[in-house]
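A.B. asks: My file is start.pdb. It has PDB, N, CA and C atoms:
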```
MODEL        1
ATOM      1  N   MET A  13       0.846  -1.185   0.000
ATOM      2  CA  MET A  13       0.000   0.000   0.000
ATOM      3  C   MET A  13       0.888   1.243   0.000
ATOM      4  N   GLN A  14       0.505   2.240  -0.758
ATOM      5  CA  GLN A  14       1.305   3.447  -0.853
ATOM      6  C   GLN A  14       1.170   4.316   0.395
ATOM      7  N   GLU A  15       2.101   5.238   0.550
ATOM      8  CA  GLU A  15       2.089   6.167   1.675
ATOM      9  C   GLU A  15       1.010   7.227   1.469
ATOM     10  N   PRO A  16       0.420   7.725   2.562
ATOM     11  CA  PRO A  16      -0.568   8.810   2.420
ATOM     12  C   PRO A  16       0.073  10.055   1.806
ATOM     13  N   PHE A  17      -0.709  10.750   1.019
ATOM     14  CA  PHE A  17      -0.302  11.999   0.379
ATOM     15  C   PHE A  17      -0.521  13.142   1.367
ATOM     16  N   VAL A  18      -1.689  13.178   1.983
ATOM     17  CA  VAL A  18      -2.043  14.159   3.017
ATOM     18  C   VAL A  18      -2.900  13.459   4.064
ATOM     19  N   GLU A  19      -2.929  14.039   5.255
ATOM     20  CA  GLU A  19      -3.667  13.427   6.362
ATOM     21  C   GLU A  19      -4.256  14.525   7.242
ATOM     22  N   ARG A  20      -5.422  14.255   7.785
ATOM     23  CA  ARG A  20      -6.030  15.142   8.777
ATOM     24  C   ARG A  20      -6.485  14.270   9.929
ATOM     25  N   VAL A  21      -6.281  14.756  11.153
ATOM     26  CA  VAL A  21      -6.698  14.023  12.341
ATOM     27  C   VAL A  21      -7.934  14.708  12.915
ATOM     28  N   PHE A  22      -9.020  13.944  12.988
ATOM     29  CA  PHE A  22     -10.271  14.417  13.568
ATOM     30  C   PHE A  22     -10.412  13.823  14.960
ATOM     31  N   GLU A  23     -11.297  14.396  15.736
ATOM     32  CA  GLU A  23     -11.630  13.809  17.029
ATOM     33  C   GLU A  23     -13.065  13.304  16.940
ATOM     34  N   ILE A  24     -13.225  11.999  17.158
ATOM     35  CA  ILE A  24     -14.549  11.389  17.130
ATOM     36  C   ILE A  24     -14.792  10.771  18.495
ATOM     37  N   ASP A  25     -15.788  11.308  19.186
ATOM     38  CA  ASP A  25     -16.120  10.858  20.538
ATOM     39  C   ASP A  25     -14.887  10.825  21.438
ATOM     40  N   GLY A  26     -14.047  11.850  21.313
ATOM     41  CA  GLY A  26     -12.879  11.976  22.175
ATOM     42  C   GLY A  26     -11.654  11.205  21.734
ATOM     43  N   GLN A  27     -11.727  10.485  20.614
ATOM     44  CA  GLN A  27     -10.589   9.707  20.119
ATOM     45  C   GLN A  27     -10.058  10.314  18.836
ATOM     46  N   ASN A  28      -8.743  10.358  18.682
ATOM     47  CA  ASN A  28      -8.141  10.815  17.433
ATOM     48  C   ASN A  28      -8.348   9.774  16.342
ATOM     49  N   VAL A  29      -8.820  10.239  15.199
ATOM     50  CA  VAL A  29      -9.075   9.371  14.045
ATOM     51  C   VAL A  29      -8.435  10.022  12.822
ATOM     52  N   GLU A  30      -7.522   9.296  12.192
ATOM     53  CA  GLU A  30      -6.840   9.808  11.014
ATOM     54  C   GLU A  30      -7.672   9.570   9.763
ATOM     55  N   CYS A  31      -7.713  10.596   8.935
ATOM     56  CA  CYS A  31      -8.307  10.485   7.606
ATOM     57  C   CYS A  31      -7.149  10.727   6.638
ATOM     58  N   ARG A  32      -6.803   9.707   5.866
ATOM     59  CA  ARG A  32      -5.643   9.764   4.984
ATOM     60  C   ARG A  32      -6.069   9.720   3.520
ATOM     61  N   PHE A  33      -5.484  10.623   2.753
ATOM     62  CA  PHE A  33      -5.723  10.669   1.313
ATOM     63  C   PHE A  33      -4.429  10.258   0.615
ATOM     64  N   TYR A  34      -4.579   9.408  -0.381
ATOM     65  CA  TYR A  34      -3.421   8.894  -1.110
ATOM     66  C   TYR A  34      -3.293   9.626  -2.445
ATOM     67  N   ARG A  35      -2.081   9.715  -2.927
ATOM     68  CA  ARG A  35      -1.808  10.456  -4.161
ATOM     69  C   ARG A  35      -2.707   9.952  -5.290
ATOM     70  N   PRO A  36      -3.407  10.866  -5.958
ATOM     71  CA  PRO A  36      -4.238  10.457  -7.095
ATOM     72  C   PRO A  36      -3.386   9.760  -8.161
ATOM     73  N   ALA A  37      -3.969   8.743  -8.774
ATOM     74  CA  ALA A  37      -3.259   7.972  -9.796
ATOM     75  C   ALA A  37      -4.157   7.794 -11.011
ATOM     76  N   ARG A  38      -3.535   7.716 -12.142
ATOM     77  CA  ARG A  38      -4.286   7.511 -13.384
ATOM     78  C   ARG A  38      -5.010   6.164 -13.325
ATOM     79  N   ASP A  39      -6.257   6.163 -13.754
ATOM     80  CA  ASP A  39      -7.071   4.954 -13.817
ATOM     81  C   ASP A  39      -7.778   4.981 -15.172
ATOM     82  N   GLY A  40      -7.148   4.418 -16.168
ATOM     83  CA  GLY A  40      -7.667   4.535 -17.530
ATOM     84  C   GLY A  40      -7.449   5.961 -18.006
ATOM     85  N   THR A  41      -8.527   6.600 -18.445
ATOM     86  CA  THR A  41      -8.413   7.993 -18.889
ATOM     87  C   THR A  41      -8.682   8.979 -17.758
ATOM     88  N   ASP A  42      -9.137   8.508 -16.608
ATOM     89  CA  ASP A  42      -9.441   9.356 -15.464
ATOM     90  C   ASP A  42      -8.408   9.153 -14.355
ATOM     91  N   PHE A  43      -8.670   9.776 -13.210
ATOM     92  CA  PHE A  43      -7.807   9.627 -12.047
ATOM     93  C   PHE A  43      -8.628   9.127 -10.870
ATOM     94  N   LEU A  44      -7.971   8.375  -9.999
ATOM     95  CA  LEU A  44      -8.592   7.811  -8.803
ATOM     96  C   LEU A  44      -7.797   8.295  -7.595
ATOM     97  N   CYS A  45      -8.495   8.729  -6.547
ATOM     98  CA  CYS A  45      -7.847   9.130  -5.300
ATOM     99  C   CYS A  45      -8.475   8.328  -4.161
ATOM    100  N   ARG A  46      -7.675   7.416  -3.582
ATOM    101  CA  ARG A  46      -8.161   6.599  -2.472
ATOM    102  C   ARG A  46      -8.024   7.372  -1.160
ATOM    103  N   TYR A  47      -8.884   7.024  -0.202
ATOM    104  CA  TYR A  47      -8.748   7.568   1.148
ATOM    105  C   TYR A  47      -9.176   6.522   2.156
ATOM    106  N   THR A  48      -8.677   6.681   3.385
ATOM    107  CA  THR A  48      -9.091   5.824   4.496
ATOM    108  C   THR A  48      -9.445   6.700   5.684
ATOM    109  N   ILE A  49     -10.460   6.278   6.409
ATOM    110  CA  ILE A  49     -10.826   6.886   7.693
ATOM    111  C   ILE A  49     -10.621   5.786   8.717
ATOM    112  N   ASN A  50      -9.658   5.957   9.582
ATOM    113  CA  ASN A  50      -9.261   4.897  10.510
ATOM    114  C   ASN A  50     -10.132   4.874  11.758
ATOM    115  N   LEU A  51     -11.389   4.552  11.583
ATOM    116  CA  LEU A  51     -12.306   4.421  12.716
ATOM    117  C   LEU A  51     -11.871   3.240  13.569
ATOM    118  N   PRO A  52     -11.913   3.387  14.882
ATOM    119  CA  PRO A  52     -11.478   2.293  15.762
ATOM    120  C   PRO A  52     -12.235   0.996  15.471
ATOM    121  N   GLY A  53     -11.485  -0.058  15.143
ATOM    122  CA  GLY A  53     -12.075  -1.366  14.902
ATOM    123  C   GLY A  53     -12.809  -1.517  13.585
ATOM    124  N   LYS A  54     -12.954  -0.417  12.827
ATOM    125  CA  LYS A  54     -13.733  -0.496  11.595
ATOM    126  C   LYS A  54     -13.250   0.551  10.586
ATOM    127  N   PRO A  55     -11.996   0.427  10.107
ATOM    128  CA  PRO A  55     -11.506   1.403   9.123
ATOM    129  C   PRO A  55     -12.387   1.407   7.876
ATOM    130  N   ARG A  56     -12.559   2.585   7.320
ATOM    131  CA  ARG A  56     -13.353   2.745   6.105
ATOM    132  C   ARG A  56     -12.433   3.159   4.975
ATOM    133  N   GLU A  57     -12.584   2.520   3.839
ATOM    134  CA  GLU A  57     -11.804   2.856   2.649
ATOM    135  C   GLU A  57     -12.752   3.172   1.518
ATOM    136  N   SER A  58     -12.406   4.208   0.761
ATOM    137  CA  SER A  58     -13.193   4.549  -0.409
ATOM    138  C   SER A  58     -12.309   5.359  -1.352
ATOM    139  N   HIS A  59     -12.923   6.026  -2.327
ATOM    140  CA  HIS A  59     -12.152   6.765  -3.314
ATOM    141  C   HIS A  59     -13.044   7.772  -4.023
ATOM    142  N   GLY A  60     -12.388   8.696  -4.709
ATOM    143  CA  GLY A  60     -13.062   9.631  -5.592
ATOM    144  C   GLY A  60     -12.430   9.537  -6.969
ATOM    145  N   TYR A  61     -13.224   9.752  -7.996
ATOM    146  CA  TYR A  61     -12.736   9.761  -9.373
ATOM    147  C   TYR A  61     -12.815  11.178  -9.919
ATOM    148  N   GLY A  62     -11.913  11.506 -10.840
ATOM    149  CA  GLY A  62     -11.960  12.802 -11.493
ATOM    150  C   GLY A  62     -11.300  12.749 -12.849
ATOM    151  N   VAL A  63     -11.504  13.796 -13.634
ATOM    152  CA  VAL A  63     -10.888  13.860 -14.956
ATOM    153  C   VAL A  63      -9.408  14.207 -14.860
ATOM    154  N   ASP A  64      -8.991  14.755 -13.702
ATOM    155  CA  ASP A  64      -7.577  14.997 -13.446
ATOM    156  C   ASP A  64      -7.318  14.749 -11.961
ATOM    157  N   ALA A  65      -6.061  14.843 -11.556
ATOM    158  CA  ALA A  65      -5.689  14.530 -10.176
ATOM    159  C   ALA A  65      -6.348  15.468  -9.169
ATOM    160  N   ILE A  66      -6.463  16.734  -9.505
ATOM    161  CA  ILE A  66      -7.064  17.702  -8.577
ATOM    162  C   ILE A  66      -8.536  17.382  -8.346
ATOM    163  N   GLN A  67      -9.280  17.119  -9.406
ATOM    164  CA  GLN A  67     -10.696  16.802  -9.235
ATOM    165  C   GLN A  67     -10.863  15.516  -8.431
ATOM    166  N   ALA A  68     -10.026  14.514  -8.674
ATOM    167  CA  ALA A  68     -10.118  13.255  -7.921
ATOM    168  C   ALA A  68      -9.876  13.502  -6.437
ATOM    169  N   LEU A  69      -8.859  14.312  -6.100
ATOM    170  CA  LEU A  69      -8.582  14.631  -4.697
ATOM    171  C   LEU A  69      -9.732  15.398  -4.070
ATOM    172  N   LEU A  70     -10.242  16.422  -4.753
ATOM    173  CA  LEU A  70     -11.359  17.205  -4.209
ATOM    174  C   LEU A  70     -12.595  16.340  -3.987
ATOM    175  N   LEU A  71     -12.904  15.461  -4.937
ATOM    176  CA  LEU A  71     -14.086  14.608  -4.778
ATOM    177  C   LEU A  71     -13.885  13.582  -3.664
ATOM    178  N   ALA A  72     -12.678  13.083  -3.492
ATOM    179  CA  ALA A  72     -12.408  12.177  -2.371
ATOM    180  C   ALA A  72     -12.589  12.918  -1.049
ATOM    181  N   MET A  73     -12.117  14.170  -0.974
ATOM    182  CA  MET A  73     -12.281  14.963   0.250
ATOM    183  C   MET A  73     -13.752  15.243   0.539
ATOM    184  N   LYS A  74     -14.507  15.570  -0.492
ATOM    185  CA  LYS A  74     -15.940  15.805  -0.300
ATOM    186  C   LYS A  74     -16.642  14.545   0.190
ATOM    187  N   LYS A  75     -16.269  13.417  -0.382
ATOM    188  CA  LYS A  75     -16.886  12.150   0.012
ATOM    189  C   LYS A  75     -16.534  11.794   1.458
ATOM    190  N   ALA A  76     -15.274  11.983   1.845
ATOM    191  CA  ALA A  76     -14.867  11.733   3.231
ATOM    192  C   ALA A  76     -15.609  12.672   4.179
ATOM    193  N   HIS A  77     -15.807  13.916   3.757
ATOM    194  CA  HIS A  77     -16.547  14.878   4.572
ATOM    195  C   HIS A  77     -17.971  14.389   4.817
ATOM    196  N   VAL A  78     -18.610  13.903   3.774
ATOM    197  CA  VAL A  78     -19.969  13.377   3.924
ATOM    198  C   VAL A  78     -19.975  12.197   4.892
ATOM    199  N   GLU A  79     -18.986  11.319   4.801
ATOM    200  CA  GLU A  79     -18.924  10.187   5.739
ATOM    201  C   GLU A  79     -18.823  10.676   7.188
ATOM    202  N   MET A  80     -18.020  11.704   7.420
ATOM    203  CA  MET A  80     -17.885  12.269   8.775
ATOM    204  C   MET A  80     -19.200  12.892   9.236
ATOM    205  N   LEU A  81     -19.891  13.573   8.324
ATOM    206  CA  LEU A  81     -21.168  14.191   8.686
ATOM    207  C   LEU A  81     -22.237  13.138   8.978
ATOM    208  N   VAL A  82     -22.200  12.021   8.271
ATOM    209  CA  VAL A  82     -23.131  10.921   8.561
ATOM    210  C   VAL A  82     -22.854  10.383   9.961
ATOM    211  N   LEU A  83     -21.585  10.224  10.313
ATOM    212  CA  LEU A  83     -21.255   9.780  11.676
ATOM    213  C   LEU A  83     -21.840  10.734  12.714
ATOM    214  N   ARG A  84     -21.770  12.029  12.423
ATOM    215  CA  ARG A  84     -22.266  13.037  13.358
ATOM    216  C   ARG A  84     -23.798  13.132  13.344
ATOM    217  N   ASN A  85     -24.350  13.327  12.165
ATOM    218  CA  ASN A  85     -25.773  13.664  12.063
ATOM    219  C   ASN A  85     -26.710  12.469  12.073
ATOM    220  N   LYS A  86     -26.261  11.322  11.623
ATOM    221  CA  LYS A  86     -27.126  10.140  11.564
ATOM    222  C   LYS A  86     -26.803   9.108  12.631
ATOM    223  N   LYS A  87     -25.541   9.037  13.031
ATOM    224  CA  LYS A  87     -25.117   8.014  13.994
ATOM    225  C   LYS A  87     -24.917   8.576  15.398
ATOM    226  N   GLY A  88     -24.994   9.903  15.548
ATOM    227  CA  GLY A  88     -24.934  10.522  16.866
ATOM    228  C   GLY A  88     -23.555  10.659  17.484
ATOM    229  N   HIS A  89     -22.488  10.558  16.696
ATOM    230  CA  HIS A  89     -21.136  10.706  17.228
ATOM    231  C   HIS A  89     -20.745  12.182  17.282
ATOM    232  N   ARG A  90     -19.859  12.523  18.191
ATOM    233  CA  ARG A  90     -19.294  13.866  18.238
ATOM    234  C   ARG A  90     -18.064  13.859  17.323
ATOM    235  N   VAL A  91     -18.125  14.628  16.254
ATOM    236  CA  VAL A  91     -17.039  14.681  15.281
ATOM    237  C   VAL A  91     -16.557  16.125  15.203
ATOM    238  N   GLU A  92     -15.256  16.336  15.500
ATOM    239  CA  GLU A  92     -14.694  17.686  15.511
ATOM    240  C   GLU A  92     -13.307  17.693  14.892
ATOM    241  N   TRP A  93     -12.877  18.887  14.522
ATOM    242  CA  TRP A  93     -11.505  19.133  14.090
ATOM    243  C   TRP A  93     -11.056  20.415  14.767
ATOM    244  N   LEU A  94      -9.960  20.369  15.470
ATOM    245  CA  LEU A  94      -9.442  21.520  16.215
ATOM    246  C   LEU A  94     -10.491  22.069  17.194
ATOM    247  N   ASP A  95     -11.171  21.158  17.879
ATOM    248  CA  ASP A  95     -12.200  21.510  18.863
ATOM    249  C   ASP A  95     -13.352  22.309  18.264
ATOM    250  N   ASP A  96     -13.679  22.063  17.003
ATOM    251  CA  ASP A  96     -14.735  22.801  16.323
ATOM    252  C   ASP A  96     -15.539  21.837  15.456
ATOM    253  N   ALA A  97     -16.801  22.173  15.221
ATOM    254  CA  ALA A  97     -17.664  21.364  14.362
ATOM    255  C   ALA A  97     -17.305  21.512  12.889
ATOM    256  N   ASN A  98     -16.641  22.606  12.517
ATOM    257  CA  ASN A  98     -16.201  22.803  11.142
ATOM    258  C   ASN A  98     -15.046  21.844  10.885
ATOM    259  N   LEU A  99     -15.230  20.911   9.960
ATOM    260  CA  LEU A  99     -14.224  19.887   9.710
ATOM    261  C   LEU A  99     -13.160  20.310   8.707
ATOM    262  N   GLY A 100     -13.307  21.496   8.122
ATOM    263  CA  GLY A 100     -12.273  22.031   7.253
ATOM    264  C   GLY A 100     -12.051  21.280   5.958
ATOM    265  N   LEU A 101     -13.068  20.597   5.473
ATOM    266  CA  LEU A 101     -12.983  19.887   4.195
ATOM    267  C   LEU A 101     -14.002  20.489   3.232
ATOM    268  N   PRO A 102     -13.766  20.365   1.927
ATOM    269  CA  PRO A 102     -14.745  20.889   0.972
ATOM    270  C   PRO A 102     -16.063  20.124   1.055
ATOM    271  N   ILE A 103     -17.133  20.825   0.700
ATOM    272  CA  ILE A 103     -18.461  20.206   0.715
ATOM    273  C   ILE A 103     -19.286  20.784  -0.426
ATOM    274  N   ASP A 104     -20.142  19.973  -1.024
ATOM    275  CA  ASP A 104     -21.030  20.454  -2.077
ATOM    276  C   ASP A 104     -22.069  21.402  -1.497
ATOM    277  N   GLU A 105     -22.462  22.372  -2.306
ATOM    278  CA  GLU A 105     -23.476  23.347  -1.885
ATOM    279  C   GLU A 105     -24.768  22.669  -1.425
ATOM    280  N   LEU A 106     -25.153  21.575  -2.087
ATOM    281  CA  LEU A 106     -26.397  20.886  -1.752
ATOM    282  C   LEU A 106     -26.392  20.313  -0.333
ATOM    283  N   LEU A 107     -25.211  20.090   0.225
ATOM    284  CA  LEU A 107     -25.097  19.495   1.553
ATOM    285  C   LEU A 107     -24.684  20.499   2.622
ATOM    286  N   ARG A 108     -24.534  21.749   2.248
ATOM    287  CA  ARG A 108     -24.014  22.751   3.173
ATOM    288  C   ARG A 108     -24.874  22.865   4.440
ATOM    289  N   ASP A 109     -26.168  22.602   4.367
ATOM    290  CA  ASP A 109     -27.008  22.707   5.564
ATOM    291  C   ASP A 109     -26.662  21.643   6.610
ATOM    292  N   LEU A 110     -25.952  20.573   6.215
ATOM    293  CA  LEU A 110     -25.508  19.554   7.176
ATOM    294  C   LEU A 110     -24.304  20.030   7.980
ATOM    295  N   SER A 111     -23.636  21.056   7.489
ATOM    296  CA  SER A 111     -22.448  21.589   8.151
ATOM    297  C   SER A 111     -22.431  23.098   7.982
ATOM    298  N   PRO A 112     -23.350  23.820   8.634
ATOM    299  CA  PRO A 112     -23.530  25.249   8.392
ATOM    300  C   PRO A 112     -22.315  26.106   8.730
ATOM    301  N   LYS A 113     -21.445  25.659   9.622
ATOM    302  CA  LYS A 113     -20.264  26.446   9.973
ATOM    303  C   LYS A 113     -19.131  26.270   8.974
ATOM    304  N   ASN A 114     -19.273  25.332   8.053
ATOM    305  CA  ASN A 114     -18.194  25.042   7.120
ATOM    306  C   ASN A 114     -17.999  26.215   6.160
ATOM    307  N   SER A 115     -16.750  26.617   5.966
ATOM    308  CA  SER A 115     -16.465  27.740   5.090
ATOM    309  C   SER A 115     -15.689  27.311   3.846
ATOM    310  N   TYR A 116     -15.636  26.021   3.577
ATOM    311  CA  TYR A 116     -14.868  25.520   2.430
ATOM    312  C   TYR A 116     -15.781  25.033   1.334
TER     313      TYR A 116
ENDMDL
END
```
What is this structure when it is put down as structure tokens?

C.D. replies:
Amino acid sequence: MQEPFVERVFEIDGQNVECRFYRPARDGTDFLCRYTINLPGKPRESHGYGVDAIQALLLAMKKAHVEMLVLRNKKGHRVEWLDDANLGLPIDELLRDLSPKNSY
């Protein structure tokens, strides 16, 4: 497995949880960016696709953000970054009401 490209550490219910993004790689004519959220006992892996490396990374970040918001809003977990509800990741306009403090 390749090394993470970038990483952010969130606090979920008082525990540090790493969210790691791996360098986007060509996948046919598009790009794929894998990420992992290291939830205790249940790591989650997924990816985003894009027409170039930047779009793949941004879409992977948006997807990881949605996963964190589901943990918070649907599963009842406390999810924070730097002691704040704003997780500092990009989010689609359609989902902005799930994270009203988000400025990205």

A.B. asks: Suppose a student applies the PyMOL selection byres ((chain A and resi 49-64) around 8) to this structure; what residues should they get, written as a VMD selection string?

C.D. replies: chain A and resid 28 to 33 36 to 38 41 to 48 65 to 76

A.B. asks: For CA of Leu107 in chain A and atom C of Pro16 in chain A, quote the distance in Å rounded to one decimal.

C.D. replies: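 Interatomic distance here is 26.9 Å.
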
A.B. asks: How many Å separate atom C of Lys86 in chain A from atom N of Asp25 in chain A?

C.D. replies: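 According to the coordinates, atom C of Lys86 in chain A and atom N of Asp25 in chain A are separated by 13.0 Å.
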
A.B. asks: Of the residues A:Val82, A:Gln14, A:Gly40, A:Lys113, which is the one nearest to Asp96 in chain A, using only C-alpha atoms?

C.D. replies: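 Going through A:Val82, A:Gln14, A:Gly40, A:Lys113 one by one, the smallest distance to Asp96 in chain A is for A:Lys113.
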
A.B. asks: Starting from the displayed file, determine the output of the PyMOL selection byres ((chain A and resi 94) around 6.5) and express the residue list as a ChimeraX atom specification.

C.D. replies: /A:22-23,92-93,95-96
